[in-house]
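This is start.pdb (PDB, C-alpha atoms).
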```pdb
ATOM      1  CA  MET A 631      55.635 -87.254  50.475
ATOM      2  CA  LYS A 632      55.687 -84.491  47.887
ATOM      3  CA  MET A 633      55.171 -81.053  49.386
ATOM      4  CA  ARG A 634      53.075 -78.497  47.535
ATOM      5  CA  THR A 635      54.790 -75.216  47.155
ATOM      6  CA  LYS A 636      52.748 -72.119  47.842
ATOM      7  CA  THR A 637      52.646 -69.745  44.891
ATOM      8  CA  LYS A 638      53.592 -66.199  45.838
ATOM      9  CA  THR A 639      51.101 -63.684  44.424
ATOM     10  CA  LYS A 640      52.906 -60.701  42.885
ATOM     11  CA  GLN A 641      51.599 -57.479  44.332
ATOM     12  CA  ARG A 642      50.848 -54.718  41.794
ATOM     13  CA  GLU A 643      52.805 -51.600  42.650
ATOM     14  CA  LEU A 644      50.634 -48.535  43.051
ATOM     15  CA  PRO A 645      51.938 -45.111  42.125
ATOM     16  CA  SER A 646      53.045 -42.961  45.011
ATOM     17  CA  PRO A 647      50.406 -40.523  46.291
ATOM     18  CA  LEU A 648      52.987 -37.804  45.722
ATOM     19  CA  LEU A 649      52.625 -38.284  41.970
ATOM     20  CA  PHE A 650      49.000 -37.193  42.203
ATOM     21  CA  LEU A 651      49.978 -34.145  44.218
ATOM     22  CA  ILE A 652      52.542 -32.816  41.734
ATOM     23  CA  PRO A 653      50.008 -31.323  39.255
ATOM     24  CA  ILE A 654      48.010 -29.865  42.133
ATOM     25  CA  LEU A 655      51.091 -28.355  43.732
ATOM     26  CA  GLY A 656      52.200 -27.018  40.351
ATOM     27  CA  ALA A 657      48.863 -25.307  39.804
ATOM     28  CA  ALA A 658      48.910 -23.902  43.317
ATOM     29  CA  CYS A 659      52.400 -22.505  42.770
ATOM     30  CA  GLY A 660      51.399 -20.906  39.471
ATOM     31  CA  THR A 661      53.667 -22.985  37.233
ATOM     32  CA  ARG A 662      52.527 -23.364  33.638
ATOM     33  CA  ALA A 663      53.859 -24.149  30.237
ATOM     34  CA  ALA A 664      56.195 -21.439  29.024
ATOM     35  CA  ALA A 665      54.504 -19.026  26.632
ATOM     36  CA  PRO A 666      56.109 -18.718  23.204
ATOM     37  CA  PRO A 667      58.367 -15.674  22.993
ATOM     38  CA  ARG A 668      56.590 -12.588  21.692
ATOM     39  CA  THR A 669      57.907 -11.060  18.504
ATOM     40  CA  SER A 670      59.290  -7.585  19.062
ATOM     41  CA  ALA A 671      57.483  -4.779  17.267
ATOM     42  CA  LEU A 672      60.904  -3.936  15.866
ATOM     43  CA  GLU A 673      61.064  -7.288  14.059
ATOM     44  CA  ALA A 674      57.460  -6.990  12.885
ATOM     45  CA  VAL A 675      58.085  -3.539  11.411
ATOM     46  CA  ARG A 676      61.400  -4.556   9.831
ATOM     47  CA  ASP A 677      59.887  -7.654   8.240
ATOM     48  CA  SER A 678      56.660  -6.049   6.975
ATOM     49  CA  GLY A 679      58.061  -2.674   5.972
ATOM     50  CA  GLU A 680      55.042  -0.998   7.579
ATOM     51  CA  VAL A 681      54.673   0.827  10.880
ATOM     52  CA  VAL A 682      51.171   1.359  12.291
ATOM     53  CA  ILE A 683      50.870   4.504  14.391
ATOM     54  CA  GLY A 684      47.940   5.445  16.590
ATOM     55  CA  ILE A 685      47.432   9.197  16.314
ATOM     56  CA  GLY A 686      45.009  11.524  18.077
ATOM     57  CA  GLN A 687      42.835  13.609  15.783
ATOM     58  CA  ASP A 688      40.701  15.831  17.999
ATOM     59  CA  ALA A 689      43.119  17.720  20.267
ATOM     60  CA  ALA A 690      44.966  20.737  18.861
ATOM     61  CA  PRO A 691      47.866  21.407  18.779
ATOM     62  CA  PHE A 692      48.876  17.724  19.080
ATOM     63  CA  GLY A 693      46.743  16.044  16.427
ATOM     64  CA  TYR A 694      43.693  17.441  14.649
ATOM     65  CA  ARG A 695      42.054  17.922  11.264
ATOM     66  CA  GLU A 696      42.345  21.017   9.118
ATOM     67  CA  GLY A 697      39.919  20.223   6.330
ATOM     68  CA  ASP A 698      41.039  16.873   4.952
ATOM     69  CA  ASP A 699      44.561  17.199   6.341
ATOM     70  CA  LEU A 700      45.857  15.670   9.557
ATOM     71  CA  VAL A 701      48.177  18.134  11.262
ATOM     72  CA  GLY A 702      49.719  18.796  14.656
ATOM     73  CA  PHE A 703      52.784  18.407  16.827
ATOM     74  CA  ASP A 704      52.270  14.661  17.369
ATOM     75  CA  PHE A 705      51.781  14.136  13.626
ATOM     76  CA  ASP A 706      55.016  15.979  12.779
ATOM     77  CA  ILE A 707      56.970  14.130  15.468
ATOM     78  CA  ALA A 708      55.625  10.768  14.264
ATOM     79  CA  ARG A 709      56.738  11.346  10.685
ATOM     80  CA  ALA A 710      60.149  12.648  11.756
ATOM     81  CA  VAL A 711      60.696   9.668  14.077
ATOM     82  CA  VAL A 712      59.844   7.205  11.305
ATOM     83  CA  ALA A 713      62.351   8.904   8.986
ATOM     84  CA  ARG A 714      65.053   8.309  11.612
ATOM     85  CA  LEU A 715      63.755   4.786  12.218
ATOM     86  CA  GLU A 716      64.274   4.019   8.529
ATOM     87  CA  ALA A 717      67.931   4.966   8.910
ATOM     88  CA  HIS A 718      68.307   2.623  11.904
ATOM     89  CA  LEU A 719      66.588  -0.269  10.090
ATOM     90  CA  GLY A 720      68.229   0.376   6.727
ATOM     91  CA  ARG A 721      64.970   0.241   4.784
ATOM     92  CA  GLU A 722      62.043   2.402   3.729
ATOM     93  CA  LEU A 723      58.869   2.144   5.784
ATOM     94  CA  LYS A 724      55.240   2.726   4.934
ATOM     95  CA  ILE A 725      53.320   4.641   7.614
ATOM     96  CA  ARG A 726      49.724   3.683   8.359
ATOM     97  CA  PHE A 727      48.000   6.093  10.724
ATOM     98  CA  LYS A 728      45.050   4.848  12.769
ATOM     99  CA  ALA A 729      42.870   7.309  14.665
ATOM    100  CA  VAL A 730      43.005   6.722  18.420
ATOM    101  CA  THR A 731      41.086   8.471  21.172
ATOM    102  CA  ASP A 732      41.831   9.041  24.834
ATOM    103  CA  GLU A 733      39.845   5.856  25.446
ATOM    104  CA  THR A 734      41.736   3.633  22.941
ATOM    105  CA  ARG A 735      45.287   5.037  22.937
ATOM    106  CA  ILE A 736      46.457   2.668  25.715
ATOM    107  CA  GLY A 737      44.410  -0.447  24.905
ATOM    108  CA  TRP A 738      45.373  -0.505  21.223
ATOM    109  CA  VAL A 739      49.060  -0.506  22.136
ATOM    110  CA  GLN A 740      48.425  -3.407  24.533
ATOM    111  CA  SER A 741      46.489  -5.415  21.948
ATOM    112  CA  GLY A 742      48.994  -4.820  19.130
ATOM    113  CA  GLU A 743      46.464  -2.870  17.058
ATOM    114  CA  VAL A 744      49.191  -0.225  16.681
ATOM    115  CA  HIS A 745      52.965  -0.425  17.036
ATOM    116  CA  MET A 746      53.094   2.903  18.854
ATOM    117  CA  SER A 747      50.743   5.686  19.871
ATOM    118  CA  LEU A 748      51.142   9.466  19.843
ATOM    119  CA  CYS A 749      48.083  11.087  21.406
ATOM    120  CA  HIS A 750      49.227  13.749  23.915
ATOM    121  CA  THR A 751      49.636  10.915  26.431
ATOM    122  CA  ASN A 752      50.943  12.015  29.809
ATOM    123  CA  CYS A 753      53.447   9.484  31.212
ATOM    124  CA  THR A 754      51.800   8.524  34.501
ATOM    125  CA  ARG A 755      52.611   5.569  36.766
ATOM    126  CA  LYS A 756      49.103   4.204  36.312
ATOM    127  CA  ARG A 757      49.559   4.117  32.532
ATOM    128  CA  ASP A 758      53.117   2.822  32.821
ATOM    129  CA  ALA A 759      51.698  -0.243  34.560
ATOM    130  CA  ARG A 760      49.927  -1.106  31.279
ATOM    131  CA  ILE A 761      52.336   0.058  28.542
ATOM    132  CA  ASP A 762      55.829   1.500  28.228
ATOM    133  CA  PHE A 763      56.884   4.966  27.070
ATOM    134  CA  THR A 764      59.775   6.553  25.230
ATOM    135  CA  VAL A 765      61.641   9.450  26.773
ATOM    136  CA  PRO A 766      59.333  12.506  27.000
ATOM    137  CA  TYR A 767      59.072  14.537  23.806
ATOM    138  CA  GLY A 768      56.658  17.215  25.054
ATOM    139  CA  TRP A 769      55.968  19.154  28.237
ATOM    140  CA  ASP A 770      53.044  21.163  29.620
ATOM    141  CA  GLY A 771      51.147  22.044  32.783
ATOM    142  CA  LYS A 772      47.535  21.749  33.893
ATOM    143  CA  GLY A 773      45.513  24.700  35.113
ATOM    144  CA  VAL A 774      41.839  25.641  35.006
ATOM    145  CA  LEU A 775      40.272  27.628  32.157
ATOM    146  CA  TYR A 776      37.633  30.056  33.439
ATOM    147  CA  ALA A 777      35.554  33.083  32.416
ATOM    148  CA  LEU A 778      37.029  36.439  33.454
ATOM    149  CA  GLY A 779      33.636  37.977  34.225
ATOM    150  CA  ARG A 780      34.358  37.923  37.970
ATOM    151  CA  GLY A 781      38.000  38.935  37.604
ATOM    152  CA  GLU A 782      41.200  36.929  37.759
ATOM    153  CA  ARG A 783      41.171  33.810  39.911
ATOM    154  CA  ASP A 784      43.843  31.435  41.054
ATOM    155  CA  LEU A 785      43.496  27.688  41.435
ATOM    156  CA  ALA A 786      42.548  27.787  45.126
ATOM    157  CA  ALA A 787      39.464  29.877  44.245
ATOM    158  CA  PHE A 788      37.934  26.769  42.660
ATOM    159  CA  ALA A 789      37.586  24.897  45.959
ATOM    160  CA  GLY A 790      34.003  23.594  46.029
ATOM    161  CA  ALA A 791      33.394  24.812  42.455
ATOM    162  CA  THR A 792      32.265  22.723  39.482
ATOM    163  CA  ILE A 793      35.067  21.938  37.034
ATOM    164  CA  GLY A 794      34.703  20.086  33.739
ATOM    165  CA  ILE A 795      37.221  17.430  32.685
ATOM    166  CA  LYS A 796      37.710  15.338  29.560
ATOM    167  CA  ARG A 797      36.728  11.678  29.783
ATOM    168  CA  SER A 798      39.723   9.310  30.232
ATOM    169  CA  SER A 799      42.054  12.151  31.185
ATOM    170  CA  SER A 800      44.542  11.710  34.011
ATOM    171  CA  SER A 801      43.426  15.150  35.230
ATOM    172  CA  GLN A 802      40.846  13.788  37.666
ATOM    173  CA  GLY A 803      43.264  12.116  40.054
ATOM    174  CA  GLU A 804      45.820  14.908  39.679
ATOM    175  CA  ILE A 805      43.477  17.792  40.505
ATOM    176  CA  GLU A 806      41.918  15.897  43.406
ATOM    177  CA  ALA A 807      45.402  15.237  44.812
ATOM    178  CA  TRP A 808      46.279  18.941  44.575
ATOM    179  CA  PHE A 809      43.198  20.125  46.484
ATOM    180  CA  GLU A 810      43.683  17.413  49.093
ATOM    181  CA  GLY A 811      47.329  18.421  49.518
ATOM    182  CA  GLN A 812      46.283  22.051  50.027
ATOM    183  CA  GLY A 813      43.655  21.074  52.598
ATOM    184  CA  LEU A 814      40.930  22.643  50.439
ATOM    185  CA  GLU A 815      37.408  21.495  49.651
ATOM    186  CA  GLN A 816      37.329  19.247  46.607
ATOM    187  CA  PRO A 817      35.745  20.656  43.441
ATOM    188  CA  THR A 818      32.860  18.794  41.843
ATOM    189  CA  LEU A 819      34.157  17.259  38.609
ATOM    190  CA  LYS A 820      31.866  16.950  35.609
ATOM    191  CA  VAL A 821      32.971  14.676  32.766
ATOM    192  CA  TYR A 822      32.636  15.630  29.088
ATOM    193  CA  ASP A 823      33.210  13.500  26.002
ATOM    194  CA  ASN A 824      35.508  16.051  24.378
ATOM    195  CA  HIS A 825      37.253  19.345  25.074
ATOM    196  CA  ALA A 826      34.967  21.380  22.825
ATOM    197  CA  ALA A 827      31.852  20.275  24.722
ATOM    198  CA  GLY A 828      33.415  21.180  28.063
ATOM    199  CA  ILE A 829      34.465  24.622  26.867
ATOM    200  CA  ARG A 830      30.969  25.274  25.471
ATOM    201  CA  ALA A 831      29.564  24.399  28.893
ATOM    202  CA  LEU A 832      32.000  26.856  30.485
ATOM    203  CA  VAL A 833      31.074  29.674  28.095
ATOM    204  CA  ASP A 834      27.365  28.963  28.677
ATOM    205  CA  GLY A 835      27.817  29.239  32.436
ATOM    206  CA  GLN A 836      27.029  25.589  33.195
ATOM    207  CA  ILE A 837      30.372  24.998  34.969
ATOM    208  CA  ASP A 838      32.878  27.245  36.743
ATOM    209  CA  GLY A 839      35.964  26.013  34.919
ATOM    210  CA  PHE A 840      37.359  23.412  32.552
ATOM    211  CA  THR A 841      40.708  21.647  32.816
ATOM    212  CA  ASP A 842      43.228  19.529  30.956
ATOM    213  CA  ASP A 843      46.653  20.198  29.452
ATOM    214  CA  ASN A 844      46.889  23.979  29.108
ATOM    215  CA  SER A 845      47.947  23.869  25.461
ATOM    216  CA  ILE A 846      44.893  21.785  24.520
ATOM    217  CA  ILE A 847      42.272  23.835  26.353
ATOM    218  CA  ILE A 848      43.748  27.117  25.114
ATOM    219  CA  ASN A 849      43.970  25.938  21.486
ATOM    220  CA  THR A 850      40.480  24.437  21.567
ATOM    221  CA  ALA A 851      38.975  27.623  23.011
ATOM    222  CA  MET A 852      40.770  29.905  20.555
ATOM    223  CA  ARG A 853      39.865  27.752  17.559
ATOM    224  CA  ALA A 854      36.233  28.061  18.648
ATOM    225  CA  GLY A 855      36.593  31.850  18.494
ATOM    226  CA  HIS A 856      37.132  32.610  22.199
ATOM    227  CA  GLY A 857      39.962  34.858  23.297
ATOM    228  CA  VAL A 858      42.209  33.537  26.068
ATOM    229  CA  GLY A 859      44.399  35.755  28.229
ATOM    230  CA  PRO A 860      44.331  38.443  30.958
ATOM    231  CA  SER A 861      42.457  40.892  28.719
ATOM    232  CA  ALA A 862      40.200  38.347  26.974
ATOM    233  CA  ALA A 863      36.932  36.625  27.867
ATOM    234  CA  LEU A 864      38.666  33.467  29.131
ATOM    235  CA  ASN A 865      41.838  32.908  31.086
ATOM    236  CA  VAL A 866      43.857  30.060  32.637
ATOM    237  CA  THR A 867      44.970  29.984  36.249
ATOM    238  CA  LYS A 868      48.626  30.853  36.731
ATOM    239  CA  THR A 869      49.027  27.999  39.195
ATOM    240  CA  SER A 870      49.158  24.495  37.729
ATOM    241  CA  TYR A 871      48.004  21.521  39.789
ATOM    242  CA  SER A 872      50.156  19.072  37.808
ATOM    243  CA  ARG A 873      52.941  18.876  35.277
ATOM    244  CA  ALA A 874      52.459  16.941  32.061
ATOM    245  CA  GLN A 875      55.101  15.193  29.991
ATOM    246  CA  PHE A 876      54.187  13.316  26.856
ATOM    247  CA  GLY A 877      55.753  10.083  25.641
ATOM    248  CA  ILE A 878      55.212   7.717  22.738
ATOM    249  CA  GLY A 879      53.188   4.754  23.993
ATOM    250  CA  LEU A 880      54.818   1.367  23.296
ATOM    251  CA  PRO A 881      54.129  -2.307  24.059
ATOM    252  CA  GLU A 882      55.147  -3.384  27.551
ATOM    253  CA  ASN A 883      58.606  -4.951  27.993
ATOM    254  CA  ASP A 884      59.704  -4.604  24.346
ATOM    255  CA  SER A 885      63.120  -3.082  24.982
ATOM    256  CA  ASP A 886      64.436  -3.463  21.414
ATOM    257  CA  TRP A 887      61.561  -1.379  20.069
ATOM    258  CA  ARG A 888      61.787   1.167  22.870
ATOM    259  CA  ASP A 889      65.524   1.592  22.403
ATOM    260  CA  VAL A 890      65.401   2.277  18.674
ATOM    261  CA  LEU A 891      62.581   4.811  19.082
ATOM    262  CA  ASN A 892      64.476   6.564  21.875
ATOM    263  CA  TYR A 893      67.517   6.704  19.597
ATOM    264  CA  SER A 894      65.352   8.163  16.827
ATOM    265  CA  LEU A 895      64.082  10.897  19.176
ATOM    266  CA  HIS A 896      67.634  11.557  20.359
ATOM    267  CA  ASP A 897      68.773  11.923  16.741
ATOM    268  CA  LEU A 898      66.060  14.529  16.179
ATOM    269  CA  TRP A 899      67.208  16.411  19.258
ATOM    270  CA  ASN A 900      70.918  16.277  18.434
ATOM    271  CA  ASP A 901      70.313  17.479  14.870
ATOM    272  CA  ARG A 902      67.954  20.220  16.152
ATOM    273  CA  GLU A 903      65.135  19.021  13.923
ATOM    274  CA  PHE A 904      63.091  18.437  17.066
ATOM    275  CA  GLN A 905      63.565  22.047  18.171
ATOM    276  CA  ALA A 906      62.329  23.299  14.771
ATOM    277  CA  ILE A 907      59.162  21.184  15.051
ATOM    278  CA  TYR A 908      58.638  22.286  18.648
ATOM    279  CA  GLU A 909      58.994  25.964  17.712
ATOM    280  CA  ARG A 910      56.353  25.534  15.007
ATOM    281  CA  TRP A 911      53.726  24.423  17.534
ATOM    282  CA  PHE A 912      54.808  25.959  20.850
ATOM    283  CA  GLY A 913      56.988  28.903  19.865
ATOM    284  CA  ALA A 914      56.350  32.595  20.482
ATOM    285  CA  ASP A 915      53.987  32.879  17.499
ATOM    286  CA  SER A 916      51.834  29.874  18.444
ATOM    287  CA  MET A 917      48.428  29.998  20.158
ATOM    288  CA  CYS A 918      49.959  28.615  23.355
ATOM    289  CA  PRO A 919      53.662  29.441  23.652
ATOM    290  CA  ILE A 920      55.522  26.996  25.919
ATOM    291  CA  PRO A 921      59.247  27.795  25.987
ATOM    292  CA  LEU A 922      61.467  24.725  26.203
ATOM    293  CA  GLY A 923      63.281  26.212  29.182
ATOM    294  CA  GLN A 924      64.945  23.398  31.120
ATOM    295  CA  ASN A 925      63.019  20.668  29.282
ATOM    296  CA  ARG A 926      65.251  18.422  27.224
ATOM    297  CA  MET A 927      65.598  14.814  26.106
ATOM    298  CA  GLU A 928      69.049  14.132  27.597
ATOM    299  CA  PRO A 929      70.272  11.930  24.718
ATOM    300  CA  PHE A 930      72.459   8.963  25.607
ATOM    301  CA  VAL A 931      76.175   9.239  24.980
ATOM    302  CA  ILE A 932      77.038   7.858  21.542
ATOM    303  CA  GLY A 933      79.812   5.334  21.973
TER
END
```

Rewrite the structure from the file as structure tokens, please.
Amino acid sequence: MKMRTKTKTKQRELPSPLLFLIPILGAACGTRAAAPPRTSALEAVRDSGEVVIGIGQDAAPFGYREGDDLVGFDFDIARAVVARLEAHLGRELKIRFKAVTDETRIGWVQSGEVHMSLCHTNCTRKRDARIDFTVPYGWDGKGVLYALGRGERDLAAFAGATIGIKRSSSSQGEIEAWFEGQGLEQPTLKVYDNHAAGIRALVDGQIDGFTDDNSIIINTAMRAGHGVGPSAALNVTKTSYSRAQFGIGLPENDSDWRDVLNYSLHDLWNDREFQAIYERWFGADSMCPIPLGQNRMEPFVIG
């Protein structure tokens, strides 16, 4: 008798459950497709022949308008740096200045709106978390500008007083830290859109003092016709609550660009062109003399 053979049904193989977990695990671990490498600002400038510089225009002596002309320490440094940059790149460069404010000087570097920014920008850790900086090219201190009607006062005398500050300045955290460190009552801080408005409020008796980088508040007050000094209507506290050191703001993690700009600043220092520019704006005949003293760029060894 012929036996019927039983046909074996082929089982369809199902994918392993682990295959479904791989994308989930990848997402949970933060893996993602590699982003395309970002072009260095150095390459962009070399290829286009143009460098876009964010420059402050409302804070003497760093960058401000005299009639139709843009002048100031930052402006002079920017042009001198680009001249040295041309030598490093071996080509002429066109400079395009774009006006930045305290509110845009960091964000425009991040977004690529400008290749670098010079706007009296103090190199703080909070800002360094968002952009990078060159070596410092300027130095200052921060005290409080006040009316001398009640005699000379030091910084501690402003405990519990009302002090004006410029919007988007790093001064707020710095002055609060100083008073806390001294165990003194915190001053009440009143924010103004610009230095001129804050100094007008001081002169009108609406606030007890106004603060920012000493060179800026002194220049702004004097350009508005107010004398500043021990025998004038306004004075600045001898004690500073914070140092300030200014750097050129650059895109984060772009070491090629940062290096060549540091070299350009070092070249200015080694050739003493930097010192000539500095003397023009902060020398003995300036509105706010700030001797270089121990401040220096410490250029790298050439070799």

Worksheet entry | Neighbour list for stretch 707-717 of chain A as a list in words, cut-off 7 Å, only C-alpha atoms, skip fewer than 3 positions in-chain | Phe703, Asp704, Gly720, Arg721, Glu722, Leu723, Leu891, Ser894 and Leu895 of chain A

Please save C-alpha atoms of the selected residues as a CSV table (one decimal), in the frame of the given file.
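Output below, filename out-v9.csv:
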```csv
chain,number,residue,atom,x,y,z
A,703,PHE,CA,52.8,18.4,16.8
A,704,ASP,CA,52.3,14.7,17.4
A,720,GLY,CA,68.2,0.4,6.7
A,721,ARG,CA,65.0,0.2,4.8
A,722,GLU,CA,62.0,2.4,3.7
A,723,LEU,CA,58.9,2.1,5.8
A,891,LEU,CA,62.6,4.8,19.1
A,894,SER,CA,65.4,8.2,16.8
A,895,LEU,CA,64.1,10.9,19.2
```

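Our summary of the geometry notes that atom CA of A:Asp677 is positioned 18.3 Å from atom CA of A:Phe727.
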
Discussion item. Please expand the PyMOL selection byres ((chain A and resi 861) around 12) into the concrete residues it hits in this file, giving the result as an NGL selection string.
Written reply: :A and (777-779 or 781-782 or 856-860 or 862-866)

Could those residues be written to a file, using C-alpha atoms, as a PDB file, in the frame of the given file?
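Writing done, so here's again.pdb:
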```pdb
ATOM      1  CA  ALA A 777      35.554  33.083  32.416  1.00  0.00           C
ATOM      2  CA  LEU A 778      37.029  36.439  33.454  1.00  0.00           C
ATOM      3  CA  GLY A 779      33.636  37.977  34.225  1.00  0.00           C
ATOM      4  CA  GLY A 781      38.000  38.935  37.604  1.00  0.00           C
ATOM      5  CA  GLU A 782      41.200  36.929  37.759  1.00  0.00           C
ATOM      6  CA  HIS A 856      37.132  32.610  22.199  1.00  0.00           C
ATOM      7  CA  GLY A 857      39.962  34.858  23.297  1.00  0.00           C
ATOM      8  CA  VAL A 858      42.209  33.537  26.068  1.00  0.00           C
ATOM      9  CA  GLY A 859      44.399  35.755  28.229  1.00  0.00           C
ATOM     10  CA  PRO A 860      44.331  38.443  30.958  1.00  0.00           C
ATOM     11  CA  ALA A 862      40.200  38.347  26.974  1.00  0.00           C
ATOM     12  CA  ALA A 863      36.932  36.625  27.867  1.00  0.00           C
ATOM     13  CA  LEU A 864      38.666  33.467  29.131  1.00  0.00           C
ATOM     14  CA  ASN A 865      41.838  32.908  31.086  1.00  0.00           C
ATOM     15  CA  VAL A 866      43.857  30.060  32.637  1.00  0.00           C
TER      16      VAL A 866
END
```

Item to complete: Could you give me, as a ChimeraX atom specification, the residues that have an atom at most 12 Å away from the point (43.9, 17.9, 38.6) in the coordinates of the file, using all atoms listed in the file?
Response: /A:771-774,785-786,788-789,793-796,799-811,816-819,839-844,869-874

Item to complete: Give the answer as one residue: which of A:Pro929, A:Asp699, A:Gly768, A:Leu719 has the shortest atom-to-atom distance to A:Ile907, using all atoms listed in the file?
Response: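 Closest residue, counting all atoms listed in the file: A:Gly768.
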
Discussion item. I'd like to know which of A:Trp887, A:Val744, A:Ile846, A:Thr669 is closest to A:Met917, using only C-alpha atoms.
Written reply: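 Among the listed residues, A:Ile846 lies closest to A:Met917.
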
Draw an axis-aligned box tight on the listed atoms of stretch 771-788 of chain A, then pad every side by 3 Å and write out centre and edge lengths in Å to one decimal as lines of an AutoDock Vina configuration file.
```
center_x = 42.4
center_y = 30.3
center_z = 38.6
size_x = 23.5
size_y = 23.2
size_z = 19.0
```

Item to complete: Measuring atom to atom with all atoms listed in the file, identify which of A:Arg926, A:Lys820, A:Arg830, A:Arg760 is nearest to A:His896.
Response: A:Arg926

Supply stretch 683-695 of chain A as a compact mmCIF listing (two decimals), in the coordinates of the input, with N, CA and C atoms built in where the input has gaps.
```txt
# COMPACT_ATOMS: atom_id res chain seq x y z
N ILE A 683 50.76 3.49 13.34
CA ILE A 683 50.87 4.50 14.39
C ILE A 683 49.48 4.98 14.79
N GLY A 684 49.16 4.86 16.07
CA GLY A 684 47.94 5.44 16.59
C GLY A 684 48.15 6.93 16.80
N ILE A 685 47.26 7.74 16.26
CA ILE A 685 47.43 9.20 16.31
C ILE A 685 46.12 9.85 16.73
N GLY A 686 46.19 10.78 17.68
CA GLY A 686 45.01 11.52 18.08
C GLY A 686 44.60 12.50 17.00
N GLN A 687 43.31 12.75 16.87
CA GLN A 687 42.84 13.61 15.78
C GLN A 687 41.82 14.64 16.23
N ASP A 688 41.69 14.85 17.56
CA ASP A 688 40.70 15.83 18.00
C ASP A 688 41.21 16.71 19.13
N ALA A 689 42.55 16.90 19.19
CA ALA A 689 43.12 17.72 20.27
C ALA A 689 44.25 18.57 19.73
N ALA A 690 43.92 19.79 19.28
CA ALA A 690 44.97 20.74 18.86
C ALA A 690 45.72 21.19 20.11
N PRO A 691 47.04 21.41 19.98
CA PRO A 691 47.87 21.41 18.78
C PRO A 691 48.55 20.06 18.51
N PHE A 692 48.15 18.99 19.19
CA PHE A 692 48.88 17.72 19.08
C PHE A 692 48.49 16.93 17.83
N GLY A 693 47.21 16.72 17.62
CA GLY A 693 46.74 16.04 16.43
C GLY A 693 45.31 16.45 16.16
N TYR A 694 45.04 16.99 14.97
CA TYR A 694 43.69 17.44 14.65
C TYR A 694 43.56 17.60 13.14
N ARG A 695 42.34 17.80 12.70
CA ARG A 695 42.05 17.92 11.26
C ARG A 695 41.91 19.39 10.87
```
